[in-house]
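Chemist: Compact mmCIF, C-alpha atoms and all ligand atoms, saved as data_2.txt, coming up:
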```
# COMPACT_ATOMS: atom_id res chain seq x y z
CA MET F 384 0.00 0.00 0.00
CA ALA F 385 1.25 3.49 -0.87
CA ARG F 386 2.39 5.73 2.00
CA ASN F 387 0.54 8.88 0.99
CA ILE F 388 0.65 12.18 2.80
CA VAL F 389 -1.23 15.22 1.58
CA VAL F 390 1.10 18.19 1.91
CA GLY F 391 0.28 21.90 1.66
CA ALA F 392 2.93 24.48 0.78
CA ALA F 393 1.63 27.76 2.23
CA GLN F 394 3.42 30.71 0.68
CA LEU F 395 3.09 34.03 2.49
CA GLY F 396 3.11 37.42 0.85
CA PRO F 397 5.05 40.28 2.45
CA ILE F 398 4.95 41.06 6.17
CA SER F 399 5.72 44.69 6.96
CA ARG F 400 7.77 45.91 9.91
CA LEU F 401 4.66 47.20 11.65
CA ASP F 402 2.57 44.05 11.17
CA SER F 403 1.91 42.18 14.41
CA ARG F 404 2.66 38.50 14.89
CA THR F 405 -1.05 38.03 15.43
CA SER F 406 -1.82 39.27 11.93
CA ALA F 407 0.76 36.84 10.45
CA VAL F 408 -0.71 33.98 12.52
CA ASP F 409 -4.23 34.93 11.36
CA ARG F 410 -3.08 34.69 7.74
CA MET F 411 -1.54 31.28 8.41
CA ILE F 412 -4.71 30.05 10.10
CA LYS F 413 -6.71 31.13 7.07
CA LEU F 414 -4.40 29.04 4.88
CA MET F 415 -4.79 26.10 7.29
CA ASP F 416 -8.57 26.28 6.97
CA GLU F 417 -8.26 26.35 3.19
CA ALA F 418 -5.81 23.44 3.37
CA LYS F 419 -8.18 21.35 5.46
CA GLN F 420 -10.79 21.58 2.71
CA GLN F 421 -8.25 19.95 0.41
CA GLY F 422 -7.36 17.17 2.85
CA VAL F 423 -3.96 18.53 3.87
CA GLU F 424 -2.25 16.59 6.69
CA LEU F 425 0.97 18.60 6.88
CA ILE F 426 1.34 22.28 6.02
CA VAL F 427 4.65 24.07 5.47
CA PHE F 428 5.16 27.79 6.18
CA PRO F 429 8.17 29.99 5.27
CA GLU F 430 11.39 30.92 7.09
CA LEU F 431 10.98 33.72 9.71
CA ALA F 432 7.24 33.54 9.09
CA LEU F 433 6.10 35.62 12.06
CA THR F 434 7.80 38.92 11.24
CA THR F 435 9.27 40.92 8.43
CA PHE F 436 12.73 39.76 7.24
CA PHE F 437 14.59 41.96 9.76
CA PRO F 438 18.20 41.04 8.74
CA ARG F 439 17.75 43.55 5.91
CA TRP F 440 18.37 46.34 8.44
CA PHE F 441 21.40 47.21 10.56
CA ILE F 442 19.82 47.35 14.02
CA GLU F 443 22.16 48.53 16.79
CA ASP F 444 19.66 48.58 19.62
CA GLN F 445 19.71 45.06 21.09
CA VAL F 446 16.29 45.47 22.67
CA GLU F 447 14.79 46.36 19.30
CA LEU F 448 16.62 43.47 17.64
CA ASP F 449 15.49 40.98 20.29
CA SER F 450 11.90 42.08 19.72
CA PHE F 451 11.94 40.08 16.46
CA PHE F 452 12.76 36.87 18.37
CA GLU F 453 10.54 34.32 20.17
CA ARG F 454 11.61 33.38 23.70
CA GLU F 455 9.27 30.41 23.87
CA MET F 456 7.26 28.34 21.45
CA PRO F 457 4.33 28.27 21.57
CA ASN F 458 3.81 31.68 23.13
CA LEU F 459 0.78 33.92 23.50
CA GLU F 460 0.77 35.00 19.85
CA THR F 461 1.55 31.63 18.27
CA ALA F 462 -0.63 29.46 20.52
CA PRO F 463 -3.57 29.79 18.08
CA LEU F 464 -1.50 28.00 15.41
CA PHE F 465 -0.97 25.03 17.71
CA LYS F 466 -4.64 25.06 18.70
CA LYS F 467 -5.68 25.12 15.05
CA ALA F 468 -3.33 22.23 14.26
CA THR F 469 -5.04 20.17 16.98
CA GLU F 470 -8.54 21.16 15.84
CA LEU F 471 -7.81 20.27 12.22
CA SER F 472 -5.50 17.29 12.97
CA MET F 473 -2.88 18.94 10.79
CA GLY F 474 0.88 19.01 11.34
CA PHE F 475 2.96 22.05 10.46
CA TYR F 476 6.48 23.34 9.81
CA LEU F 477 7.19 26.91 10.91
CA GLY F 478 10.26 29.12 10.67
CA PHE F 479 10.96 31.80 13.29
CA ALA F 480 13.76 33.65 15.09
CA GLU F 481 14.55 31.89 18.36
CA LEU F 482 16.13 33.45 21.47
CA ILE F 483 17.20 31.17 24.28
CA GLU F 484 19.12 31.80 27.47
CA GLU F 485 21.85 29.35 28.46
CA SER F 486 24.12 29.82 31.50
CA GLY F 487 23.00 33.45 31.68
CA LYS F 488 23.97 34.05 28.03
CA LYS F 489 21.52 34.97 25.26
CA ARG F 490 21.71 32.88 22.10
CA HIS F 491 19.98 33.66 18.81
CA PHE F 492 19.09 31.14 16.13
CA ASN F 493 17.19 31.05 12.84
CA THR F 494 14.98 28.08 13.62
CA SER F 495 12.28 25.81 12.23
CA ILE F 496 10.03 23.42 14.10
CA LEU F 497 7.91 20.45 13.15
CA VAL F 498 4.62 20.08 14.99
CA ASP F 499 2.45 16.98 14.76
CA ASP F 500 -1.29 16.72 14.15
CA LYS F 501 -1.93 16.92 17.91
CA GLY F 502 -0.13 20.23 18.27
CA SER F 503 2.97 18.66 19.89
CA LEU F 504 6.45 19.81 18.97
CA ILE F 505 8.30 16.82 17.50
CA GLY F 506 11.33 18.33 15.83
CA LYS F 507 13.59 21.35 15.77
CA TYR F 508 16.27 22.55 13.36
CA ARG F 509 18.58 25.57 13.67
CA LYS F 510 19.90 27.04 10.40
CA ILE F 511 23.49 26.08 9.68
CA HIS F 512 24.34 27.93 6.45
CA LEU F 513 23.92 31.58 7.44
CA PRO F 514 24.31 33.84 4.39
CA GLY F 515 25.17 37.51 4.12
CA HIS F 516 27.66 39.54 6.11
CA PHE F 517 28.55 40.62 9.66
CA GLU F 518 29.28 44.35 9.33
CA ASN F 519 26.96 47.12 8.19
CA GLU F 520 27.46 47.66 4.44
CA PRO F 521 25.58 50.91 3.73
CA SER F 522 26.45 50.84 0.02
CA ARG F 523 24.04 47.92 -0.43
CA ALA F 524 20.40 48.65 -1.32
CA PHE F 525 19.58 46.59 1.78
CA GLN F 526 21.56 44.56 4.30
CA HIS F 527 21.63 40.80 4.81
CA LEU F 528 22.92 40.52 8.39
CA GLU F 529 22.16 36.90 9.22
CA LYS F 530 25.84 36.37 10.07
CA ARG F 531 25.56 39.13 12.69
CA TYR F 532 22.18 38.32 14.19
CA PHE F 533 22.26 34.51 14.38
CA GLU F 534 24.63 31.83 15.63
CA THR F 535 25.33 28.82 13.44
CA GLY F 536 22.79 26.13 14.27
CA ASN F 537 23.93 23.62 16.88
CA LEU F 538 21.55 20.73 16.25
CA GLY F 539 23.12 19.27 13.11
CA PHE F 540 20.75 18.07 10.37
CA PRO F 541 18.39 15.73 12.23
CA THR F 542 15.57 13.71 10.67
CA PHE F 543 12.38 12.73 12.47
CA LYS F 544 10.15 9.68 12.21
CA ALA F 545 6.72 11.23 11.74
CA PHE F 546 3.74 11.37 9.39
CA GLY F 547 4.45 7.79 8.30
CA GLY F 548 7.96 8.52 7.06
CA GLN F 549 11.36 10.11 7.70
CA MET F 550 11.09 13.91 7.79
CA GLY F 551 13.89 16.46 7.34
CA MET F 552 14.08 20.24 7.66
CA CYS F 553 16.37 23.02 6.55
CA LEU F 554 16.13 26.77 5.96
CA CYS F 555 16.63 28.95 2.92
CA ASN F 556 20.37 29.25 2.15
CA ASP F 557 20.84 25.62 3.32
CA ARG F 558 19.14 24.53 0.09
CA ARG F 559 22.05 25.80 -2.00
CA TRP F 560 24.48 23.41 -0.32
CA PRO F 561 24.47 19.77 -1.47
CA GLU F 562 25.89 18.84 1.94
CA THR F 563 22.54 19.75 3.54
CA PHE F 564 20.50 17.39 1.42
CA ARG F 565 23.13 14.65 1.58
CA MET F 566 23.22 14.79 5.38
CA LEU F 567 19.45 14.40 5.39
CA GLY F 568 19.52 11.80 2.61
CA LEU F 569 22.04 9.70 4.53
CA GLN F 570 19.51 9.54 7.37
CA GLY F 571 16.81 8.31 5.03
CA ALA F 572 14.91 11.59 4.60
CA GLU F 573 11.80 11.06 2.48
CA LEU F 574 10.39 14.57 2.74
CA VAL F 575 12.40 17.74 3.33
CA MET F 576 10.61 20.95 4.31
CA LEU F 577 12.28 24.29 3.81
CA GLY F 578 11.15 27.86 4.08
CA TYR F 579 12.96 30.77 2.44
CA ASN F 580 13.22 34.57 2.12
CA THR F 581 15.20 35.24 -1.04
CA PRO F 582 15.60 38.79 -2.36
CA ALA F 583 15.16 39.12 -6.11
CA HIS F 584 18.19 41.43 -6.13
CA TYR F 585 21.55 40.01 -5.06
CA PRO F 586 23.75 43.04 -4.22
CA PRO F 587 27.18 41.34 -4.53
CA VAL F 588 26.47 40.11 -8.11
CA PRO F 589 23.48 42.05 -9.53
CA LYS F 590 24.04 40.64 -13.03
CA HIS F 591 22.70 37.34 -11.67
CA ASP F 592 19.38 38.86 -10.56
CA HIS F 593 17.52 37.38 -13.53
CA LEU F 594 18.74 33.92 -12.47
CA ASN F 595 17.40 33.95 -8.90
CA ASP F 596 14.20 32.00 -9.64
CA PHE F 597 16.14 29.52 -11.75
CA HIS F 598 18.75 28.94 -9.03
CA ASN F 599 16.01 28.50 -6.44
CA HIS F 600 14.44 25.61 -8.32
CA LEU F 601 17.75 24.25 -9.61
CA VAL F 602 19.13 23.53 -6.13
CA MET F 603 15.91 22.15 -4.68
CA GLN F 604 15.27 19.89 -7.67
CA ALA F 605 18.85 18.62 -7.53
CA GLY F 606 18.55 18.00 -3.76
CA ALA F 607 15.35 16.03 -4.27
CA TYR F 608 16.67 13.88 -7.11
CA GLN F 609 20.16 13.22 -5.74
CA ASN F 610 18.71 11.98 -2.46
CA GLY F 611 15.40 10.48 -3.59
CA THR F 612 13.27 12.71 -1.41
CA TRP F 613 10.23 14.93 -1.71
CA VAL F 614 11.12 18.60 -1.22
CA ILE F 615 8.63 21.24 -0.12
CA GLY F 616 10.10 24.72 -0.71
CA VAL F 617 8.05 27.63 0.64
CA ALA F 618 8.69 31.33 0.08
CA LYS F 619 7.86 34.50 1.86
CA ALA F 620 7.35 36.48 -1.32
CA GLY F 621 6.52 39.84 -2.81
CA ASN F 622 7.50 43.40 -2.08
CA GLU F 623 8.36 43.55 1.62
CA GLU F 624 9.48 46.94 2.92
CA ASN F 625 10.71 47.92 -0.56
CA CYS F 626 12.63 44.70 -1.02
CA ASP F 627 11.36 42.26 -3.66
CA LEU F 628 11.38 38.64 -2.52
CA ILE F 629 11.08 35.83 -5.06
CA GLY F 630 8.16 33.39 -4.95
CA GLY F 631 8.41 30.03 -6.66
CA THR F 632 6.99 27.99 -3.77
CA CYS F 633 6.82 24.42 -5.02
CA ILE F 634 6.49 20.73 -4.29
CA ILE F 635 9.17 18.55 -5.88
CA ALA F 636 8.98 14.79 -6.40
CA PRO F 637 11.95 12.47 -5.68
CA THR F 638 12.58 12.41 -9.44
CA GLY F 639 13.37 16.13 -9.27
CA GLU F 640 10.17 17.12 -11.07
CA ILE F 641 8.12 20.07 -9.84
CA VAL F 642 4.59 18.72 -9.37
CA ALA F 643 2.92 21.86 -7.99
CA GLU F 644 3.98 25.52 -8.00
CA CYS F 645 2.58 28.84 -6.75
CA LYS F 646 1.63 31.37 -9.39
CA THR F 647 1.53 34.56 -7.32
CA LEU F 648 3.73 36.52 -4.91
CA GLY F 649 1.06 36.65 -2.20
CA ASP F 650 -0.53 34.31 0.34
CA GLU F 651 -1.17 31.17 -1.70
CA LEU F 652 -1.62 27.48 -0.99
CA ILE F 653 -0.64 24.58 -3.23
CA VAL F 654 -1.44 20.98 -2.36
CA TYR F 655 -0.11 17.62 -3.49
CA GLN F 656 -0.52 14.03 -2.34
CA CYS F 657 3.05 12.81 -1.82
CA ASP F 658 3.60 9.06 -1.96
CA LEU F 659 6.64 8.49 0.25
CA ASP F 660 7.16 5.06 -1.32
CA ARG F 661 8.11 6.81 -4.56
CA CYS F 662 11.44 7.68 -2.88
CA THR F 663 12.56 4.08 -3.47
CA GLU F 664 12.49 4.66 -7.25
CA ILE F 665 15.64 6.73 -6.68
CA LYS F 666 16.92 5.44 -3.32
CA ASN F 667 17.00 1.82 -4.55
CA GLY F 668 18.23 2.74 -8.01
CA ILE F 669 20.55 5.39 -9.41
CA PHE F 670 21.25 6.81 -5.92
CA ASP F 671 21.42 3.59 -3.93
CA PHE F 672 23.95 5.01 -1.46
CA ALA F 673 25.06 1.71 0.08
CA GLN F 674 25.90 0.35 -3.32
CA HIS F 675 27.36 3.34 -5.12
CA ARG F 676 28.74 5.94 -2.71
CA GLU F 677 32.55 6.12 -2.30
CA PRO F 678 33.06 7.91 1.04
CA GLU F 679 36.77 7.03 1.21
CA ASN F 680 37.23 9.46 -1.65
CA TYR F 681 35.17 12.27 -0.13
CA LYS F 682 37.40 13.04 2.90
CA LEU F 683 38.21 16.57 1.73
CA ILE F 684 34.57 17.50 2.15
CA THR F 685 34.81 17.43 5.94
CA GLU F 686 38.54 18.16 6.24
CA THR F 687 38.55 21.57 4.61
CA LYS F 688 36.28 24.62 4.60
CA GLY F 689 37.72 26.46 1.60
CA VAL F 690 39.39 25.34 -1.60
CA LYS F 691 42.61 23.36 -1.16
CA ILE F 692 44.85 23.20 -4.21
CA GLU F 693 47.50 20.50 -4.11
CA GLY F 694 51.01 22.03 -3.88
CA SER F 695 49.98 25.56 -2.81
CA ASP F 696 49.94 26.96 0.76
N1 LIG F 701 17.33 33.93 3.89
C1 LIG F 701 18.33 33.46 3.12
O1 LIG F 701 19.04 32.55 3.52
N2 LIG F 701 18.53 34.09 1.92
C2 LIG F 701 19.60 33.75 1.01
C3 LIG F 701 19.99 34.93 0.16
C4 LIG F 701 20.80 35.92 0.92
C5 LIG F 701 20.81 34.55 -1.05
C6 LIG F 701 19.24 32.61 0.09
O2 LIG F 701 20.05 31.68 -0.04
O3 LIG F 701 18.17 32.62 -0.54
```
Spell out the structure here as structure tokens.
Ligand code: CDV

Modeler:
Amino acid sequence: MARNIVVGAAQLGPISRLDSRTSAVDRMIKLMDEAKQQGVELIVFPELALTTFFPRWFIEDQVELDSFFEREMPNLETAPLFKKATELSMGFYLGFAELIEESGKKRHFNTSILVDDKGSLIGKYRKIHLPGHFENEPSRAFQHLEKRYFETGNLGFPTFKAFGGQMGMCLCNDRRWPETFRMLGLQGAELVMLGYNTPAHYPPVPKHDHLNDFHNHLVMQAGAYQNGTWVIGVAKAGNEENCDLIGGTCIIAPTGEIVAECKTLGDELIVYQCDLDRCTEIKNGIFDFAQHREPENYKLITETKGVKIEGSD
């Protein structure tokens, strides 16, 4: 019997700096209601889905910066999401900025969680590939200060047994790195959820701006195919505080094919019934890891961070 799970990819349009978390949660709940009508069992929301994408500003006031972070989850403003999940028997993936306190020290992460159909938290991931820069760079049209505002995730790339299969998570820039998908693939991931905020303009290399949608799908389709997994990529899209974010929210089959895709840059839901057993078409074939991988020859991947050219210092 097929292991089917009906998945909803819930793209969000822009969230402005003045929008409350409650208004973002209300929009997500509306999408959950719509999803229920289509039989959705698991709904995926974007990265940093509760607020505007604040790393676009250089914020010196720590109190102001911390106001974009959640100190507990659920909290007063997000509790309705968990309640709705229970009411509708629907799991969800949510990205948000997480602030924890450890040994009297504040720590900031770009985080996603997986919540089951009873509203219980069953998985957490903290973003590992943080893009952008650390210092203020006023010459840019906007900043991308993830390297300043977040610590590198400290939970590795875990997978979770849930929803009848092996679930994986990552966040935005992680999707560009084959290491992310391979780490998840090596733990049997059958469905990888990822939310993103990707500006349409890339200040360091503006001549690539027209390629941003292409690169978005290119890396997610490759990740799906090379690891035989479903990939659910979900954007926060549209013109947010004068910064255009790409859309392109999509559901990708283990063959690398896009089977559903958003058509707008606003709040929009797409739905697809994902048969997790289809992963074996790839996992037991062209990418049968146990049979075909050659890890002895991949040592450089974990031994070096940058390029290492034989014979040079
Ligand atoms: N939020 C992100 O991680 N955004 C990056 C941008 C900076 C390129 C991305 O990989 O889409």

Chemist: With ligand LIG 701 (chain F) as the partner and 6 Å as the cut-off, tabulate the residues of chain F that qualify, each row holding the nearest pair of atoms and their distance in Å to one decimal, using all atoms listed in the file, sorted by chain and rising number, as CSV.

Modeler:
```
residue,atom,partner,partner_atom,distance
F:Pro514,CA,F:LIG701,C4,5.4
F:Gly515,CA,F:LIG701,C4,5.6
F:Cys555,CA,F:LIG701,O1,4.4
F:Asn556,CA,F:LIG701,O2,3.3
F:Tyr579,CA,F:LIG701,N1,5.6
F:Asn580,CA,F:LIG701,N1,4.5
F:Thr581,CA,F:LIG701,O3,4.0
```

Chemist: Applying 12 Å and all atoms listed in the file, which residues near segment 679-696 of chain F remain after dropping the ones on its own chain fewer than 6 positions away? List them as a VMD selection string.

Modeler: chain F and resid 560 to 562 565 to 566

Chemist: Using all atoms listed in the file, what table do you get, as JSON lines, when you list each residue of segment 425-506 of chain F with an atom no more than 10 Å from segment 530-541 of chain F, its nearest pair of atoms, and their distance in Å rounded to one decimal, rows by chain then rising number?

Modeler:
```
{"residue": "F:Phe437", "atom": "CA", "partner": "F:Tyr532", "partner_atom": "CA", "distance": 9.5}
{"residue": "F:Pro438", "atom": "CA", "partner": "F:Tyr532", "partner_atom": "CA", "distance": 7.3}
{"residue": "F:Phe441", "atom": "CA", "partner": "F:Arg531", "partner_atom": "CA", "distance": 9.3}
{"residue": "F:Ile442", "atom": "CA", "partner": "F:Tyr532", "partner_atom": "CA", "distance": 9.3}
{"residue": "F:Gln445", "atom": "CA", "partner": "F:Tyr532", "partner_atom": "CA", "distance": 10.0}
{"residue": "F:Leu448", "atom": "CA", "partner": "F:Tyr532", "partner_atom": "CA", "distance": 8.3}
{"residue": "F:Asp449", "atom": "CA", "partner": "F:Tyr532", "partner_atom": "CA", "distance": 9.4}
{"residue": "F:Ala480", "atom": "CA", "partner": "F:Phe533", "partner_atom": "CA", "distance": 8.6}
{"residue": "F:Glu481", "atom": "CA", "partner": "F:Phe533", "partner_atom": "CA", "distance": 9.1}
{"residue": "F:Leu482", "atom": "CA", "partner": "F:Phe533", "partner_atom": "CA", "distance": 9.4}
{"residue": "F:Arg490", "atom": "CA", "partner": "F:Glu534", "partner_atom": "CA", "distance": 7.2}
{"residue": "F:His491", "atom": "CA", "partner": "F:Phe533", "partner_atom": "CA", "distance": 5.1}
{"residue": "F:Phe492", "atom": "CA", "partner": "F:Phe533", "partner_atom": "CA", "distance": 4.9}
{"residue": "F:Asn493", "atom": "CA", "partner": "F:Phe533", "partner_atom": "CA", "distance": 6.3}
{"residue": "F:Thr494", "atom": "CA", "partner": "F:Gly536", "partner_atom": "CA", "distance": 8.1}
{"residue": "F:Gly506", "atom": "CA", "partner": "F:Pro541", "partner_atom": "CA", "distance": 8.3}
```

Chemist: Which is closer to Leu425 of chain F than all the others in F:Leu471, F:Ala524, F:Ala620, F:Leu513, using all atoms listed in the file?

Modeler: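 For Leu425 of chain F, the nearest of the given residues is F:Leu471.
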
Chemist: Return the single residue from F:Leu569, F:Ile496, F:Val602, F:Ala418 that is closest to Tyr508 of chain F, with distances computed using only C-alpha atoms.

Modeler: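 The closest residue to Tyr508 of chain F is F:Ile496.
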
Chemist: Which one is closest to Ile388 of chain F: F:Asp557, F:Glu485, F:Asp650, F:Glu424? Count all atoms listed in the file.

Modeler: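 Counting all atoms listed in the file, the residue closest to Ile388 of chain F is F:Glu424.
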
Chemist: Can I get a file of segment 536-585 of chain F from the given structure, C-alpha atoms kept, as an mmCIF file, in the first residue's frame?

Modeler:
```
data_model
loop_
_atom_site.group_PDB
_atom_site.id
_atom_site.type_symbol
_atom_site.label_atom_id
_atom_site.label_comp_id
_atom_site.auth_asym_id
_atom_site.auth_seq_id
_atom_site.Cartn_x
_atom_site.Cartn_y
_atom_site.Cartn_z
ATOM 1 C CA GLY F 536 22.788 26.129 14.274
ATOM 2 C CA ASN F 537 23.930 23.616 16.876
ATOM 3 C CA LEU F 538 21.548 20.733 16.254
ATOM 4 C CA GLY F 539 23.116 19.275 13.110
ATOM 5 C CA PHE F 540 20.752 18.066 10.373
ATOM 6 C CA PRO F 541 18.386 15.726 12.227
ATOM 7 C CA THR F 542 15.569 13.712 10.674
ATOM 8 C CA PHE F 543 12.380 12.728 12.468
ATOM 9 C CA LYS F 544 10.154 9.685 12.208
ATOM 10 C CA ALA F 545 6.720 11.226 11.741
ATOM 11 C CA PHE F 546 3.738 11.372 9.394
ATOM 12 C CA GLY F 547 4.445 7.793 8.301
ATOM 13 C CA GLY F 548 7.964 8.523 7.057
ATOM 14 C CA GLN F 549 11.357 10.106 7.704
ATOM 15 C CA MET F 550 11.087 13.915 7.792
ATOM 16 C CA GLY F 551 13.886 16.461 7.336
ATOM 17 C CA MET F 552 14.083 20.239 7.660
ATOM 18 C CA CYS F 553 16.366 23.019 6.549
ATOM 19 C CA LEU F 554 16.128 26.772 5.959
ATOM 20 C CA CYS F 555 16.634 28.952 2.918
ATOM 21 C CA ASN F 556 20.367 29.248 2.147
ATOM 22 C CA ASP F 557 20.845 25.622 3.317
ATOM 23 C CA ARG F 558 19.143 24.530 0.089
ATOM 24 C CA ARG F 559 22.055 25.803 -2.000
ATOM 25 C CA TRP F 560 24.484 23.407 -0.319
ATOM 26 C CA PRO F 561 24.469 19.774 -1.473
ATOM 27 C CA GLU F 562 25.888 18.840 1.942
ATOM 28 C CA THR F 563 22.536 19.754 3.537
ATOM 29 C CA PHE F 564 20.498 17.387 1.419
ATOM 30 C CA ARG F 565 23.129 14.648 1.576
ATOM 31 C CA MET F 566 23.220 14.787 5.379
ATOM 32 C CA LEU F 567 19.445 14.402 5.391
ATOM 33 C CA GLY F 568 19.517 11.799 2.609
ATOM 34 C CA LEU F 569 22.044 9.704 4.533
ATOM 35 C CA GLN F 570 19.514 9.539 7.370
ATOM 36 C CA GLY F 571 16.812 8.314 5.025
ATOM 37 C CA ALA F 572 14.911 11.589 4.601
ATOM 38 C CA GLU F 573 11.805 11.064 2.480
ATOM 39 C CA LEU F 574 10.391 14.574 2.736
ATOM 40 C CA VAL F 575 12.405 17.741 3.327
ATOM 41 C CA MET F 576 10.611 20.945 4.314
ATOM 42 C CA LEU F 577 12.285 24.294 3.810
ATOM 43 C CA GLY F 578 11.154 27.858 4.080
ATOM 44 C CA TYR F 579 12.959 30.768 2.443
ATOM 45 C CA ASN F 580 13.216 34.575 2.124
ATOM 46 C CA THR F 581 15.202 35.241 -1.040
ATOM 47 C CA PRO F 582 15.601 38.786 -2.356
ATOM 48 C CA ALA F 583 15.160 39.116 -6.114
ATOM 49 C CA HIS F 584 18.187 41.432 -6.134
ATOM 50 C CA TYR F 585 21.553 40.009 -5.064
#
```
